[in-house]
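Novice: Following this message is one structure expressed as structure tokens.
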Amino acid sequence: MICCLNPDCKKPENPNHNQICQSCHTPLVQLLRNRFRVIHLLSDEGGFGRTYLSEDTDKLNELCVIKQLAPKFNGTWSHRKAIQLFSEEAKRLQELGEHPQIPTLLAYFEQDNCLYLVQQFIDGYNLLTELNSRKIYRDWDIQSILIDLLPVIKFIHQRGVIHRDIKPENIIRRKADGRLTLIDFGSAKQFSAKVQRKHGTSIGSHGYSPIEQIRDGKAYPASDLFSLGATCFHLLTGVSPFQLWLEYGYSWVNNWQDYLPFILSPELTEVMDKLLQKEIQHRYQAADEVLKVFMKKHTHLLPSSTNEIIPIPAKIPQKSPHQYLWLLNLFIMFGVITFFAVGEFSYREFRKLPIDVISLLKKSNNQKVAANQSAQILDKNLFLLNTISSDQNKVLSLAISPDNKMIVSGEDVNGNINNIKLWDVMTGRKITSLSGHLQNVNKVVISDDGETLVSASDDQTIKVWNLTNNKLVYTLNGHTDAVHGLAISADGKTLVSASDDQTIKVWNLITGKLISTLSGHNDWIRSVDIHGTILASASFDKTLKLWHIDQQNTTQEIKQDISQTLATSTQTFINVAFSPDGKILAGVSRDRTIKLWEVTTRKQILTIKAENNINTIAFSPDGKILASGGRERTIKLWEVTTGKQILSFPAHNHTITSLVFTSDGKLLISGSEDHLIKIWQISQYSQVNN
């Protein structure tokens, strides 16, 4: 398909072989600037230009978006204003496109008396489309949207830009990872003291834009925050702010809660009420102010002490408050135990103690059962043993030492390159931080002997660390894009890495030498796992592949079989994991399923359907339970043999990025973009289902 670039053409799409438009008879431009092939009309701006879907032939026909400006009425104020805004949009994208949630500017040029702006294509759907398909947004959905978008808005405001047109149509949820992207900076305008003193052009969308922007043409950071609040109102209620504005002007914001189909949490009500204030002085003045409300509220609801234990109750009949006095006593007892344990031993010695946290729980349980039979409910409970804060860094990956005493977290940079942290499982205290990676640490793995840590980063490097002294051993260079996947062979001699450069590399972990580069995928590779001589890889090219490697001869080039494509999907594969015995392979794709295969026969044996996108999975050590977590912010436990859901519980306030079991299967550890690591007792569920 090729598109006619005449902005007045009624049917611009033509077959590839056409040289002349079959509708308007305009000569077709095969390649804009000898590079971009225009293939599909996305939108029409009413004679001023159009937006097209295109292919970038310089980048293997990668999709991109081209905006065309072809204004009529040359020399008029409208013409000049359109060119000004178009030029400003290009400048804004040039300045802001470094943010991963803002489209990148690829080109800006003039051709055949039209201006063209080429930007990154965001594969996803806008929030208005999402609203029309799902109909209902709950409290936690809106909080997730706010927490995802507010840092983006903060980013553009810090660079002197106001968006001026935030609304559901200009927010796209990416299919690849569910993250939100802010688009359409055509209305963006620098704010400065000079601009703020003068009246400007009224730019924005009625209902979503605040009164100072529509009436006076003035825009401030607080103006974008009003638009964000109006967007969230639309998603919560299904009621268009534009329709309310037509009928009531700005008076609707005074009683916005009357349109809610359900009651919001106090913290979201507080935030929404202040976002939707008509007068600018009564609103939040900066994105940070809104974020602090959420952080304050969420921190308040989370355990503040390192060993606080919060039970998540099973579904039981309602009882009087007096029947739960045993729970208060249980909290007090564990507080006393923790106080004396920490007080008696120094931190160094406390790490060496062979104390089984679960045995303490059981001992306390037995004591309470003797005093009150209702305490038996604990046998069916899940316990949150510990919550660790990673100092405002998103937790991207977790690993646990074989002795179950230490957690390692790989985190985003967020202004701090100490983005690998080592934590004591028993106390929740940070042991140390490791610095060296200049960008996000996407994956951390520990060798089976517990002596070696390997980390992979967006900075295209892999680093190998000695965990006996926490020193860097060497850095592996070779990938040309972000590294996301790592796996270490059971004997600790072979390291496998996977990258967005579409290759898998096999390294001698002892010497750091590259053994082999495996090619076969044609898109990002985000996950690898290894069991024996079989390597599995998961890619955005919608395939899982199996590879054979000879681990007995790791100092020479690997004797590899031709890779076998185990599975294809309509959506990208983002995670893969072998069961502990290597008999089952689990793959996660963006179609919200976990698929299980029998490795020896290569036959699919089970499909587990989830309600939302899954980012991470982990097998229990006995291979009977599969844990999953993702954008839904809940952890689910599945029975591997049947695919039956054993348990689902809310775990984090943001996307869950990593799950790992302790080697005894008693604890499950989760990491999230909410900057938290949580340690859960799940042994009782394991026992129930064994």
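A note on labels: chains of the structure tokens are A, B, ... as shown, every chain counts residues from 1, and ligands are counted from 1 in their shown order.
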What lies within 9 Å of A:Asn470 using only C-alpha atoms, ignoring chain neighbours under 6 positions off, as a PyMOL selection string?
Specialist: chain A and resi 432-434+453
Novice: With C-alpha atoms kept, could you save the residues just selected as a compact mmCIF listing (two decimals), in the first residue's frame?
Specialist:
```txt
# COMPACT_ATOMS: atom_id res chain seq x y z
CA THR A 432 26.02 -2.59 50.36
CA SER A 433 25.52 -1.01 46.95
CA LEU A 434 27.49 -1.77 43.80
CA LEU A 453 26.89 -12.17 40.68
```
Novice: Using only C-alpha atoms, which residue out of A:Val576, A:Glu279, A:Ser519, A:Val413 lies closest to A:Gly485?
Specialist: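 Smallest distance to A:Gly485 is found for A:Val576.
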Novice: Residues near A:His163, anyone? I mean within 12 Å using only C-alpha atoms, not counting same-chain ones fewer than 4 positions away, as number ranges by chain.
Specialist: A: 88-89, 92-93, 96, 102, 152-157, 159, 167, 170-171, 182-191, 203-205, 209, 213, 219-228
Novice: Near A:Thr543, within 12 Å and counting only C-alpha atoms, which residues show up once chain neighbours fewer than 6 positions away are dropped, as a ChimeraX atom specification?
Specialist: /A:520-527,536-537,563-576,587-590
Novice: Rounded to one decimal place, report the atom CA of A:Met406-atom CA of A:Val445 distance in Å.
Specialist: 12.4 Å
Novice: Smallest atom-to-atom distance to A:Ile420: which of A:Pro580, A:Gly436, A:Pro261, A:Gly630, using only C-alpha atoms?
Specialist: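 Using only C-alpha atoms, A:Ile420 sits closest to A:Gly436.
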Novice: Identify, with DSSP run on backbone atoms, the residues in stretch 116-286 of chain A assigned to helix (DSSP H, G or I), and express the list as an NGL selection string.
Specialist: :A and (127-134 or 139-158 or 168-170 or 193-197 or 211-216 or 221-237 or 241-248 or 251-259 or 266-275 or 280-282)
Novice: Using DSSP on the backbone coordinates, identify all residues within stretch 132-266 of chain A classified as strand (DSSP E or B); present the result as a PyMOL selection string.
Specialist: chain A and resi 161-162+171-174+180-182+189-190
Novice: Tell me which of A:Asp529, A:Asp165, A:Asp449, A:Asp458 sits closest to A:Asp500, counting only C-alpha atoms.
Specialist: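 Selected residue with least distance to A:Asp500: A:Asp458.
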Novice: For a quick check of understanding, using only C-alpha atoms, which of A:Glu267, A:Tyr137, A:Glu639, A:Arg164 has the smallest distance to A:Leu236?
Specialist: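 Nearest to A:Leu236: A:Tyr137.
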Novice: What is the distance between atom CA of A:Trp638 and atom CA of A:Ser663, in Å to one decimal?
Specialist: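 Atom CA of A:Ser663 lies at a distance of 18.2 Å from atom CA of A:Trp638.
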Novice: Mind checking which residues fall within 8 Å of A:Lys405, counting only C-alpha atoms, ignoring those fewer than 5 positions away in the same chain, and posting them as a PDB file with C-alpha atoms, in the first residue's frame?
Specialist:
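So the final result, stored in out03.pdb, reads:
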```pdb
ATOM      1  CA  ARG A 351      23.423 -12.426  59.426  1.00  0.00           C
ATOM      2  CA  ILE A 400      18.592 -14.562  45.974  1.00  0.00           C
ATOM      3  CA  ASP A 424      19.879  -8.982  54.267  1.00  0.00           C
ATOM      4  CA  VAL A 425      16.800 -11.218  54.148  1.00  0.00           C
ATOM      5  CA  MET A 426      16.443 -11.503  57.924  1.00  0.00           C
TER       6      MET A 426
END
```
Novice: Can you pull out every residue within 6 Å of A:Ser499, counting only C-alpha atoms, but drop anything in the same chain fewer than 6 positions away, and send it as a CSV table (one decimal) with N, CA and C atoms, in the first residue's frame?
Specialist:
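Now in selection.csv:
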```csv
chain,number,residue,atom,x,y,z
A,482,ALA,N,20.7,-2.7,24.6
A,482,ALA,CA,20.4,-3.0,26.0
A,482,ALA,C,20.4,-4.6,26.1
A,483,VAL,N,21.0,-5.0,27.3
A,483,VAL,CA,21.0,-6.4,27.6
A,483,VAL,C,19.9,-6.7,28.7
A,484,HIS,N,19.0,-7.6,28.4
A,484,HIS,CA,17.9,-7.9,29.3
A,484,HIS,C,17.9,-9.3,29.9
A,525,ILE,N,15.4,-9.6,22.2
A,525,ILE,CA,15.3,-10.8,23.0
A,525,ILE,C,15.4,-10.4,24.4
```
Novice: For each of A:Val239, A:Leu31, A:Ala286, A:Leu117, take the minimum atom-to-atom distance to A:Ile162, counting only C-alpha atoms, then give the residue where this is smallest.
Specialist: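 Among A:Val239, A:Leu31, A:Ala286, A:Leu117, it is A:Ala286 that comes nearest to A:Ile162.
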Novice: Could you work out how far atom CA of A:Ser447 lies from atom CA of A:Gly492, giving the answer in Å with one decimal?
Specialist: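 Interatomic distance here is 5.9 Å.
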Novice: Can you tell me, as a ChimeraX atom specification, what residues are no more than 10 Å from A:Gly623 when counting only C-alpha atoms, ignoring any on the same chain fewer than 2 positions away?
Specialist: /A:578-584,618-621,625-626,639-641,665
Novice: Nearest to A:Lys505 among A:Leu544, A:Val290, A:Ile549, A:Leu146, with distances taken over only C-alpha atoms: which residue is it?
Specialist: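 Selected residue with least distance to A:Lys505: A:Ile549.
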